[in-house]
Structures are given as structure tokens and as C-alpha cells.
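Trainee: Hey, dropping my_file_23.txt in here, compact mmCIF, C-alpha atoms:
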```
# COMPACT_ATOMS: atom_id res chain seq x y z
CA MET A 1 -36.45 30.14 9.30
CA SER A 2 -37.05 26.46 9.88
CA ALA A 3 -34.52 24.25 11.67
CA GLY A 4 -33.77 22.36 8.46
CA THR A 5 -33.14 25.55 6.51
CA PHE A 6 -30.95 26.93 9.31
CA ALA A 7 -28.90 23.69 9.45
CA PHE A 8 -28.42 23.75 5.69
CA ALA A 9 -27.32 27.40 5.80
CA MET A 10 -24.79 26.56 8.52
CA ASN A 11 -23.42 23.69 6.42
CA VAL A 12 -22.97 25.75 3.26
CA PRO A 13 -19.40 26.86 4.17
CA THR A 14 -18.52 23.24 4.92
CA LEU A 15 -19.89 22.08 1.59
CA ILE A 16 -17.98 24.82 -0.22
CA CYS A 17 -14.74 23.82 1.54
CA LEU A 18 -15.29 20.15 0.68
CA GLY A 19 -15.96 21.12 -2.91
CA LEU A 20 -12.74 23.13 -3.13
CA ILE A 21 -10.67 20.45 -1.41
CA LEU A 22 -12.11 17.31 -3.03
CA VAL A 23 -14.28 18.00 -6.04
CA TYR A 24 -12.25 20.71 -7.78
CA PRO A 25 -8.91 18.81 -7.80
CA LEU A 26 -10.61 15.68 -9.12
CA ALA A 27 -12.50 17.61 -11.77
CA TYR A 28 -9.38 19.47 -12.86
CA ALA A 29 -7.36 16.23 -12.99
CA GLY A 30 -10.13 14.74 -15.15
CA TYR A 31 -9.94 17.77 -17.41
CA LEU A 32 -6.15 17.38 -17.77
CA SER A 33 -6.48 13.67 -18.53
CA VAL A 34 -8.39 14.34 -21.77
CA HIS A 35 -6.15 17.18 -22.95
CA LYS A 36 -2.60 17.46 -24.16
CA VAL A 37 -0.78 19.24 -21.33
CA GLY A 38 2.99 19.66 -21.38
CA LEU A 39 5.47 22.43 -20.78
CA ALA A 40 4.86 23.89 -24.24
CA GLN A 41 1.10 23.94 -23.69
CA LEU A 42 1.53 25.47 -20.24
CA ARG A 43 3.63 28.29 -21.69
CA ARG A 44 1.04 29.01 -24.37
CA GLY A 45 -1.92 28.45 -22.05
CA GLU A 46 -3.60 26.23 -24.66
CA PHE A 47 -4.54 22.63 -23.91
CA PRO A 48 -5.66 20.78 -27.08
CA PHE A 49 -8.44 18.25 -26.51
CA THR A 50 -7.26 14.66 -27.11
CA GLY A 51 -10.20 12.59 -25.87
CA TRP A 52 -9.13 9.15 -24.66
CA GLU A 53 -5.69 9.34 -26.25
CA ASN A 54 -3.85 9.72 -22.94
CA TYR A 55 -5.63 6.69 -21.50
CA GLY A 56 -4.74 4.64 -24.57
CA ARG A 57 -1.10 5.66 -24.31
CA VAL A 58 -1.00 4.55 -20.67
CA PHE A 59 -2.45 1.13 -21.48
CA GLU A 60 -0.01 0.72 -24.39
CA ASP A 61 3.03 1.66 -22.31
CA PRO A 62 4.96 -1.50 -21.23
CA LEU A 63 6.35 0.40 -18.24
CA PHE A 64 2.84 0.84 -16.88
CA TRP A 65 2.30 -2.91 -16.71
CA VAL A 66 5.75 -3.44 -15.21
CA ALA A 67 4.79 -0.94 -12.51
CA ILE A 68 1.48 -2.73 -11.86
CA LYS A 69 3.23 -6.11 -11.61
CA ASN A 70 5.81 -4.73 -9.18
CA THR A 71 3.07 -3.15 -7.06
CA LEU A 72 1.50 -6.53 -6.32
CA ILE A 73 4.42 -7.53 -4.09
CA PHE A 74 3.55 -4.91 -1.47
CA SER A 75 1.19 -6.98 0.68
CA GLU A 76 1.46 -8.28 4.24
CA ILE A 77 -1.89 -9.81 5.17
CA VAL A 78 -0.54 -13.34 5.80
CA LEU A 79 2.34 -12.06 7.93
CA ALA A 80 0.00 -9.75 9.84
CA LEU A 81 -2.36 -12.65 10.58
CA ALA A 82 0.51 -14.82 11.84
CA ILE A 83 1.91 -12.11 14.14
CA ALA A 84 -1.54 -11.19 15.44
CA LEU A 85 -2.16 -14.83 16.33
CA LEU A 86 1.22 -14.90 18.11
CA ILE A 87 0.63 -11.84 20.26
CA ASN A 88 -2.87 -13.10 21.03
CA GLN A 89 -1.40 -16.10 22.85
CA THR A 90 -1.25 -15.01 26.48
CA GLY A 91 0.83 -17.99 27.54
CA ILE A 92 3.78 -17.25 25.24
CA TRP A 93 6.38 -14.80 26.55
CA THR A 94 7.15 -13.48 23.05
CA SER A 95 3.62 -12.09 22.80
CA ARG A 96 4.36 -9.55 25.54
CA VAL A 97 7.58 -8.44 23.83
CA THR A 98 5.84 -8.17 20.45
CA ARG A 99 3.03 -6.03 21.87
CA PHE A 100 5.60 -3.63 23.24
CA LEU A 101 7.49 -3.26 19.94
CA ILE A 102 4.61 -3.51 17.50
CA LEU A 103 3.94 0.21 17.08
CA LEU A 104 7.57 1.32 16.70
CA PRO A 105 7.76 1.02 12.86
CA TYR A 106 4.37 2.69 12.42
CA ALA A 107 5.63 5.81 14.20
CA ILE A 108 8.44 6.40 11.68
CA PRO A 109 7.68 8.82 8.79
CA PRO A 110 7.79 7.05 5.38
CA ILE A 111 10.65 9.09 3.92
CA ALA A 112 12.70 8.65 7.12
CA ASN A 113 12.00 4.93 6.98
CA GLY A 114 13.31 4.80 3.42
CA LEU A 115 16.47 6.70 4.32
CA ILE A 116 17.15 4.42 7.29
CA TRP A 117 16.88 1.31 5.15
CA SER A 118 18.97 2.86 2.38
CA PHE A 119 21.82 3.15 4.90
CA LEU A 120 21.26 -0.45 5.97
CA TYR A 121 21.43 -1.58 2.33
CA SER A 122 24.51 0.51 1.48
CA PHE A 123 26.96 -1.48 -0.64
CA GLN A 124 30.03 0.07 0.98
CA PHE A 125 29.13 0.67 4.64
CA GLY A 126 25.70 -0.86 5.19
CA TYR A 127 25.06 -2.71 8.43
CA LEU A 128 23.19 -5.49 6.66
CA ASN A 129 26.30 -6.54 4.73
CA ARG A 130 28.41 -6.14 7.89
CA ILE A 131 26.12 -8.44 9.88
CA LEU A 132 26.08 -11.05 7.13
CA PHE A 133 29.88 -10.84 6.87
CA SER A 134 30.30 -11.35 10.61
CA THR A 135 28.05 -14.42 10.58
CA GLY A 136 29.82 -15.89 7.55
CA LEU A 137 26.70 -15.93 5.38
CA ILE A 138 28.32 -13.90 2.55
CA ASP A 139 31.90 -13.60 1.27
CA GLU A 140 31.55 -10.27 -0.55
CA PRO A 141 29.23 -7.25 -0.29
CA VAL A 142 25.78 -7.55 -1.83
CA ASN A 143 24.35 -4.57 -3.71
CA TRP A 144 20.84 -5.04 -2.39
CA ALA A 145 19.25 -1.93 -3.91
CA GLY A 146 21.40 -1.83 -7.04
CA ASN A 147 20.87 -5.40 -8.26
CA PRO A 148 17.74 -5.91 -10.43
CA ALA A 149 17.28 -9.36 -8.87
CA THR A 150 17.03 -8.01 -5.31
CA ALA A 151 16.05 -4.33 -5.67
CA LEU A 152 12.26 -4.86 -5.61
CA TYR A 153 12.52 -6.96 -2.44
CA ALA A 154 14.88 -4.36 -0.97
CA VAL A 155 12.17 -1.68 -1.20
CA SER A 156 9.23 -3.94 -0.32
CA VAL A 157 10.76 -5.04 3.00
CA PRO A 158 10.97 -1.48 4.44
CA TYR A 159 7.43 -0.74 3.28
CA VAL A 160 5.97 -3.92 4.78
CA TRP A 161 7.98 -3.36 7.97
CA ARG A 162 6.51 0.14 8.30
CA THR A 163 2.88 -0.68 7.51
CA LEU A 164 2.61 -4.13 9.10
CA PRO A 165 1.55 -2.83 12.55
CA PHE A 166 -1.62 -1.32 11.08
CA ALA A 167 -2.82 -4.70 9.83
CA ILE A 168 -1.66 -6.49 12.98
CA ILE A 169 -3.63 -4.13 15.23
CA LEU A 170 -6.83 -4.64 13.23
CA VAL A 171 -6.48 -8.44 13.24
CA HIS A 172 -5.55 -8.52 16.92
CA ALA A 173 -8.56 -6.39 17.82
CA ALA A 174 -10.83 -8.75 15.86
CA LEU A 175 -9.29 -11.77 17.61
CA GLN A 176 -10.14 -10.22 20.98
CA GLY A 177 -13.80 -10.18 19.95
CA ILE A 178 -14.03 -13.93 19.26
CA PRO A 179 -15.73 -15.65 22.23
CA ARG A 180 -13.39 -18.08 24.01
CA GLU A 181 -16.33 -20.41 24.51
CA LEU A 182 -16.26 -21.29 20.82
CA TYR A 183 -12.71 -22.63 21.09
CA GLU A 184 -13.48 -24.46 24.32
CA GLN A 185 -16.52 -26.15 22.80
CA ALA A 186 -14.54 -27.10 19.68
CA ALA A 187 -11.77 -28.58 21.82
CA ILE A 188 -14.33 -30.62 23.74
CA ASP A 189 -15.68 -31.90 20.43
CA GLY A 190 -12.18 -33.08 19.50
CA ALA A 191 -11.11 -30.35 17.06
CA ASN A 192 -7.36 -29.81 16.86
CA ALA A 193 -5.64 -26.40 16.63
CA TRP A 194 -5.69 -26.30 12.80
CA GLN A 195 -9.37 -27.24 12.65
CA ARG A 196 -10.22 -24.56 15.22
CA PHE A 197 -8.31 -22.02 13.15
CA CYS A 198 -10.09 -22.97 9.88
CA LYS A 199 -13.58 -23.38 11.33
CA ILE A 200 -13.67 -20.58 13.90
CA THR A 201 -10.86 -18.05 13.55
CA LEU A 202 -10.83 -17.50 9.79
CA PRO A 203 -14.63 -17.20 9.39
CA MET A 204 -14.77 -14.75 12.29
CA LEU A 205 -11.96 -12.70 10.76
CA ARG A 206 -13.54 -12.50 7.30
CA GLN A 207 -14.75 -8.94 7.75
CA VAL A 208 -11.48 -7.51 9.02
CA ILE A 209 -9.46 -9.41 6.40
CA ALA A 210 -11.61 -7.88 3.66
CA ILE A 211 -11.09 -4.41 5.14
CA ILE A 212 -7.32 -4.90 5.42
CA LEU A 213 -7.02 -6.23 1.87
CA ILE A 214 -8.91 -3.24 0.47
CA LEU A 215 -6.92 -0.69 2.48
CA ARG A 216 -3.54 -2.32 1.90
CA THR A 217 -4.22 -2.64 -1.83
CA ALA A 218 -5.09 1.05 -2.03
CA PHE A 219 -1.99 1.97 -0.02
CA ALA A 220 0.21 -0.34 -2.12
CA PHE A 221 -0.84 1.57 -5.23
CA ALA A 222 0.39 4.71 -3.45
CA VAL A 223 3.86 3.43 -2.44
CA PHE A 224 6.27 6.25 -3.18
CA GLU A 225 8.54 7.38 -0.33
CA GLU A 226 10.55 4.17 0.00
CA ILE A 227 11.08 4.09 -3.77
CA LEU A 228 12.25 7.70 -3.75
CA ALA A 229 14.62 7.25 -0.82
CA ILE A 230 16.16 3.90 -1.77
CA THR A 231 16.18 3.26 -5.53
CA GLN A 232 14.45 6.11 -7.41
CA GLY A 233 12.81 3.42 -9.53
CA GLY A 234 16.08 1.76 -10.50
CA PRO A 235 18.08 -0.08 -11.44
CA GLY A 236 16.41 0.36 -14.82
CA ASP A 237 12.70 -0.25 -14.25
CA ALA A 238 13.19 -2.93 -11.57
CA THR A 239 11.40 -0.95 -8.83
CA TRP A 240 8.89 1.05 -10.85
CA VAL A 241 5.53 0.88 -9.06
CA ALA A 242 2.15 2.45 -9.76
CA ALA A 243 2.63 5.78 -7.97
CA TRP A 244 6.20 6.10 -9.23
CA TYR A 245 4.98 5.63 -12.80
CA SER A 246 2.46 8.47 -12.48
CA TYR A 247 5.09 10.68 -10.88
CA LYS A 248 7.73 10.06 -13.55
CA VAL A 249 5.30 10.47 -16.44
CA THR A 250 4.11 13.77 -15.01
CA PHE A 251 7.30 15.41 -13.76
CA SER A 252 10.04 13.98 -15.99
CA PRO A 253 10.68 15.44 -19.45
CA PRO A 254 8.61 15.91 -21.56
CA ASN A 255 6.32 16.47 -18.51
CA ASN A 256 3.12 14.94 -19.82
CA PHE A 257 0.63 16.16 -17.22
CA GLY A 258 -2.35 14.86 -19.18
CA MET A 259 -0.97 11.33 -19.36
CA GLY A 260 -0.02 11.48 -15.68
CA ALA A 261 -3.57 12.45 -14.74
CA ALA A 262 -4.94 9.65 -16.93
CA SER A 263 -2.68 7.10 -15.25
CA ALA A 264 -3.87 8.28 -11.81
CA PHE A 265 -7.52 7.79 -12.81
CA ILE A 266 -6.73 4.34 -14.20
CA LEU A 267 -5.02 3.35 -10.94
CA ALA A 268 -8.01 4.60 -8.92
CA LEU A 269 -10.34 2.53 -11.12
CA MET A 270 -8.14 -0.55 -10.64
CA VAL A 271 -8.22 -0.14 -6.86
CA GLY A 272 -12.01 0.19 -6.96
CA LEU A 273 -12.42 -2.96 -9.06
CA ILE A 274 -10.06 -4.94 -6.83
CA ALA A 275 -12.03 -3.77 -3.78
CA LEU A 276 -15.25 -5.07 -5.35
CA VAL A 277 -13.61 -8.43 -6.01
CA TYR A 278 -12.46 -8.63 -2.39
CA MET A 279 -15.95 -7.82 -1.19
CA ARG A 280 -17.52 -10.50 -3.38
CA LEU A 281 -15.03 -13.27 -2.62
CA ILE A 282 -14.14 -12.67 1.03
CA TYR A 283 -16.85 -10.61 2.66
CA ARG A 284 -20.01 -11.90 1.04
CA ARG A 285 -22.33 -10.39 3.61
CA VAL A 286 -21.55 -6.84 2.47
CA THR A 287 -24.45 -5.27 0.57
CA LEU A 288 -23.05 -3.67 -2.57
```
Could you write out this file's structure as C-alpha cells?

Mentor:
Amino acid sequence: MSAGTFAFAMNVPTLICLGLILVYPLAYAGYLSVHKVGLAQLRRGEFPFTGWENYGRVFEDPLFWVAIKNTLIFSEIVLALAIALLINQTGIWTSRVTRFLILLPYAIPPIANGLIWSFLYSFQFGYLNRILFSTGLIDEPVNWAGNPATALYAVSVPYVWRTLPFAIILVHAALQGIPRELYEQAAIDGANAWQRFCKITLPMLRQVIAIILILRTAFAFAVFEEILAITQGGPGDATWVAAWYSYKVTFSPPNNFGMGAASAFILALMVGLIALVYMRLIYRRVTL
């Protein structure tokens, strides 16, 4: 037996495992997305073929577009860039404090993070209202998670707080790789801080910014735990996001599993298209 044949034979179990873990679930979800699958069909064991009907129903559902619009708020790239620049300044004392605390939110499980913030937002005994009362900023309790005007921001803040360290670490690592000589030469040439940022820092960070935007967009389309713990999509549809839409369509009566699978495939396609746009506009050196 040749070395190539032996290596392939050794990899067969791995390929089978990958197929069972990755390929089969995707294939089965694709099968469900083009069939009518509900509780009645599950009891009978018959799934009528519907073609693209489930996909059409998702696109025609106003709640789907509300969920997509709400999902766009879950982004933190600008804030991550600002904090990374701050902790990169060795002469500022706050940079040392920030480096020490930066990983604390990232260590908290998502569902625990949502529960913590739900207590902070509590209308009756939340610490956020208590702090604002004590400082005289409000005269009566604010229903942060129960008011349609503030509910979406109430769930986006915990999510951004939890995921921000990931983006900060990537940007900070990229900043460490920029040669200091470039800034020194620019300063000698008379460039001010803003010009050095625009002409040196941003171009050198283009790659990592593209990576962060792609990853954070994909993760934003998967926001679920904070919604579940704080608002359950309410009040009304104020905090419906992409993942919550797929979940509710699938597991709420009448339990349309086919439409839920179709919505998941549509969301995956959207993330892929957005990633291509990011690559084209921000990271032009990537070979597609």
C-alpha cells in the first residue's frame, strides 16, 4: 500500500465524521426548506414538496424584514477601534487599567450575561434606575426593556459589551504590528495626529477591519441569548432579530419547520453576500 493510499485510508473515519456533523445537517435542513413540515406532517410522517414556497413566504413576511433591520444595530467596530487605540497608548494610565479589565465581559456566558443585564434593567428593583435616581438624572423608573423606544438598545448594549473584547484584541494586535518608524517619519514630515491616523493607521488596519466586520456581521445574525433572557422578542416585535425570527417561526405554533429552515438558509446567504461586499470595499487585496 502506497503512502498516499494509507493516508487516505486513515482519513476515512475523519471524513465520515465531518460528513455526519456538517454535511448531513445542512442537507437535511435544505430538504426541510423545500417541504411542508409541521406538527401534522411530523405525526403522519409525510412531508409534501412545496418547492420555493417557504422561501417566498419568508421574503413576504414583514416580520422578517423587521428582524433584519433590528439586527443591523449589533455592531461595535468603531467602538472597538477607539478602545484599541486608547489601550495602545503606553503613556496614558487608563490604558493599563483597560488592558486588565478588557477580557472580563468575554468570559461571561451569553445567557448569564443576558440575565445579569435583565436584573440591571428591572423596572422595580434594577440598579440602573437606582443609580440614575441617586444622581438626579430621572424622576421616575424607566422600563428599559419593556418600552418599544428603548428595548432594542437595551438588548444591544449587553451584546456589544460581551463581544467587544474580541474585536478590541484583534485591532490591538494589529496595532502592535505597525512599525513605530512610520509614525516618527510622518511626525518629522509635519503630519498631525489625525493625518497619521488616516494615512498610516487605517490603511494598515484594513485587513483586520475586514475580518472583524465579516465575523461580527455573522455573529450579529446569530444573536439569541440576550434576546431570550431580556425581552423574548418583545415588546411586540421591537427586539425581533434574525436568529429570533428563525427560532419563533420554527418552534412557535404552528411550528413551521420548513419555513424556519428556509429562513436560516436565507440568513446564511445574506451573511455571505455581505462578506463579499466587505472584501471588495475594504480589503481589496483579497483574491476572491

Trainee: Which residue is closest to Tyr247 of chain A? Choose from A:Ala149, A:Ala67, A:Leu22, A:Ile77 and count all atoms listed in the file.

Mentor: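 Answer, going by the shortest atom-to-atom distance: A:Ala67.
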
Trainee: For Leu170 of chain A, which residue among A:Ser246, A:Gln207, A:Asn147, A:Ser118 is the nearest when counting only C-alpha atoms?

Mentor: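 Under the stated criterion, the closest residue is A:Gln207.
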
Trainee: Report the distance between atom CA of Ile138 of chain A and atom CA of Ala151 of chain A in Å, rounded to one decimal place.

Mentor: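 Atom CA of Ile138 of chain A sits 17.6 Å away from atom CA of Ala151 of chain A.
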
Trainee: In Å, with one decimal, what is the gap from atom CA of Ala145 of chain A to atom CA of Pro235 of chain A?

Mentor: 7.8 Å

Trainee: Can you measure atom CA of Ala27 of chain A to atom CA of Leu63 of chain A for me? One decimal in Å is fine.

Mentor: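 Pair atom CA of Ala27 of chain A / atom CA of Leu63 of chain A returns 26.3 Å.
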
Trainee: So which one's closest to Ser33 of chain A, A:Leu175, A:Val271, A:Val58, A:Ala154? Using all atoms listed in the file, please.

Mentor: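 Nearest candidate to Ser33 of chain A out of A:Leu175, A:Val271, A:Val58, A:Ala154: A:Val58.
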
Trainee: Which residues of segment 6-87 of chain A sit at most 10 Å from segment 218-233 of chain A, using all atoms listed in the file? Give each one's shortest atom pair and distance in Å (one decimal place), in chain and ascending residue order, as a tab-separated table.

Mentor:
```
residue	atom	partner	partner_atom	distance
A:Ala67	CA	A:Phe221	CA	9.5
A:Ile68	CA	A:Phe221	CA	8.2
A:Asn70	CA	A:Phe221	CA	10.0
A:Thr71	CA	A:Ala220	CA	6.4
A:Leu72	CA	A:Ala220	CA	7.6
A:Ile73	CA	A:Ala220	CA	8.6
A:Phe74	CA	A:Ala220	CA	5.7
A:Ser75	CA	A:Ala220	CA	7.3
```

Trainee: Nearest to Ala242 of chain A among A:Val23, A:Leu281, A:Val66, A:Val37, with distances taken over all atoms listed in the file: which residue is it?

Mentor: A:Val66

Trainee: For Leu152 of chain A, please output as a list of chain:residue names all residues within 7 Å (counting all atoms listed in the file; exclusion window: fewer than 2 positions along the same chain).

Mentor: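 The filter keeps A:Thr150, A:Ala154, A:Val155, A:Ser156, A:Ala238, A:Thr239.
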
Trainee: Out of A:Phe197, A:Tyr183, A:Trp117, A:Tyr31, which residue has the shortest atom-to-atom distance to Trp161 of chain A when counting all atoms listed in the file?

Mentor: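 Looking at the shortest contact to Trp161 of chain A, the residue is A:Trp117.
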
Trainee: Under the rule that only C-alpha atoms are counted, which of A:Leu205, A:Leu101, A:Val142, A:Val78 is the nearest residue to Gly126 of chain A?

Mentor: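 Looking at the shortest contact to Gly126 of chain A, the residue is A:Val142.
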
Trainee: Write out as a compact mmCIF listing (two decimals) with C-alpha atoms, in the coordinates of the input which residues come within 9 Å of Ile169 of chain A when counting only C-alpha atoms, dropping same-chain ones fewer than 5 positions away.

Mentor:
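Writing the result to result-v8.txt gives the following:
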```txt
# COMPACT_ATOMS: atom_id res chain seq x y z
CA ALA A 80 0.00 -9.75 9.84
CA ALA A 84 -1.54 -11.19 15.44
CA ILE A 102 4.61 -3.51 17.50
CA LEU A 103 3.94 0.21 17.08
CA LEU A 164 2.61 -4.13 9.10
CA ALA A 174 -10.83 -8.75 15.86
```

Trainee: Residues within 9 Å of Leu39 of chain A, please, as a list in words. Count only C-alpha atoms; anything in the same chain fewer than 2 positions from it doesn't count.

Mentor: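 The contact residues come out as Val37, Gln41, Leu42, Arg43, Arg44, Pro253, Pro254, Asn255, Asn256 and Phe257 of chain A.
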